[in-house]
Amino acid sequence: MTQNKLCACRYFVLVSVTLLLASLLQLGCRGAKHRAEYISKGDKMIIAVEIVPKHTFLAEYDRFAILVVNGKEVVRSKLFPDSGGYASSNLYRCSPMLYMLQGYFDTWVVDVNAGTITEGKCQSSNPEYVGIFEGGGSRSWNFYSSSERKEMKLEPKGG
């Protein structure tokens, strides 16, 4: 075999192994979900926001809002995706059984009585800030109550 053919063969094997390892790594990482939960004290109700990586190397996530009542998942809704640095969502209480989840690019109403999550805003002009779902990338994904994190206005900062 000539030197050029041997070099080309080694290059082909190196590229093939690299692509195989990258695809295996992506399969392993794609299913890694990060879930943060707000747990209501008396209602046996949980509002969760889950982020699922979309890429192996990029900080991009699919986002989901989840309502759990009495230990059973009632509804799961796909939220606006995070294209890098925009996964956070503020949680507000509109009334005892009505909440609003507000992200950078979307706003959703969680109706505990109806068991629904629909796009929209509170009818109340002054909803109560409950806390924030925050993290992603190198920071752990958590829910922080209003006593742990002050309300932060979620505005995209282009750049």
# chains A, B, ... in the order shown; residues from 1 in each chain; ligands from 1
call {"tool": "closest_atom_pairs", "arguments": {"of": "region 44-81 of chain A", "to": "region 142-148 of chain A", "cutoff": "10 Å", "atoms": "only C-alpha atoms", "output": "CSV"}}
result
residue,atom,partner,partner_atom,distance
A:Ile47,CA,A:Phe143,CA,9.9
A:Ala48,CA,A:Phe143,CA,8.5
A:Val49,CA,A:Phe143,CA,8.6
A:Glu50,CA,A:Asn142,CA,9.8
call {"tool": "closest_residue", "arguments": {"among": "A:Val52, A:Met45, A:Ala59, A:Leu79", "to": "Met97 (chain A)", "atoms": "only C-alpha atoms"}}
result
A:Met45
call {"tool": "residues_around", "arguments": {"residues": "Pro127 (chain A)", "least_positions_apart": "6", "cutoff": "7 Å", "atoms": "only C-alpha atoms", "output": "ChimeraX atom specification"}}
result
/A:92-94
call {"tool": "atom_distance", "arguments": {"atom1": "CA of Pro96 (chain A)", "atom2": "CA of Ala36 (chain A)"}}
result
20.9 Å
call {"tool": "closest_residue", "arguments": {"among": "A:Gly115, A:Gly42, A:Gly103, A:Gly135", "to": "Glu73 (chain A)", "atoms": "only C-alpha atoms"}}
result
A:Gly115
call {"tool": "atom_distance", "arguments": {"atom1": "CA of Phe133 (chain A)", "atom2": "CA of Ser89 (chain A)"}}
result
5.2 Å
call {"tool": "closest_residue", "arguments": {"among": "A:Ile51, A:Ala65, A:Leu98, A:Ile46", "to": "Ser140 (chain A)", "atoms": "only C-alpha atoms"}}
result
A:Ile51
call {"tool": "atom_distance", "arguments": {"atom1": "CA of Tyr104 (chain A)", "atom2": "CA of Glu155 (chain A)"}}
result
5.6 Å
call {"tool": "closest_residue", "arguments": {"among": "A:Ile117, A:Tyr38, A:Phe105, A:Asp62", "to": "Arg76 (chain A)", "atoms": "only C-alpha atoms"}}
result
A:Ile117
call {"tool": "select_by_dssp", "arguments": {"residues": "region 8-153 of chain A", "states": "strand (DSSP E or B)", "output": "NGL selection string"}}
result
:A and (34-39 or 45-53 or 61-69 or 72-78 or 82 or 89-95 or 98-102 or 107-111 or 116-119 or 128-136 or 139-145)
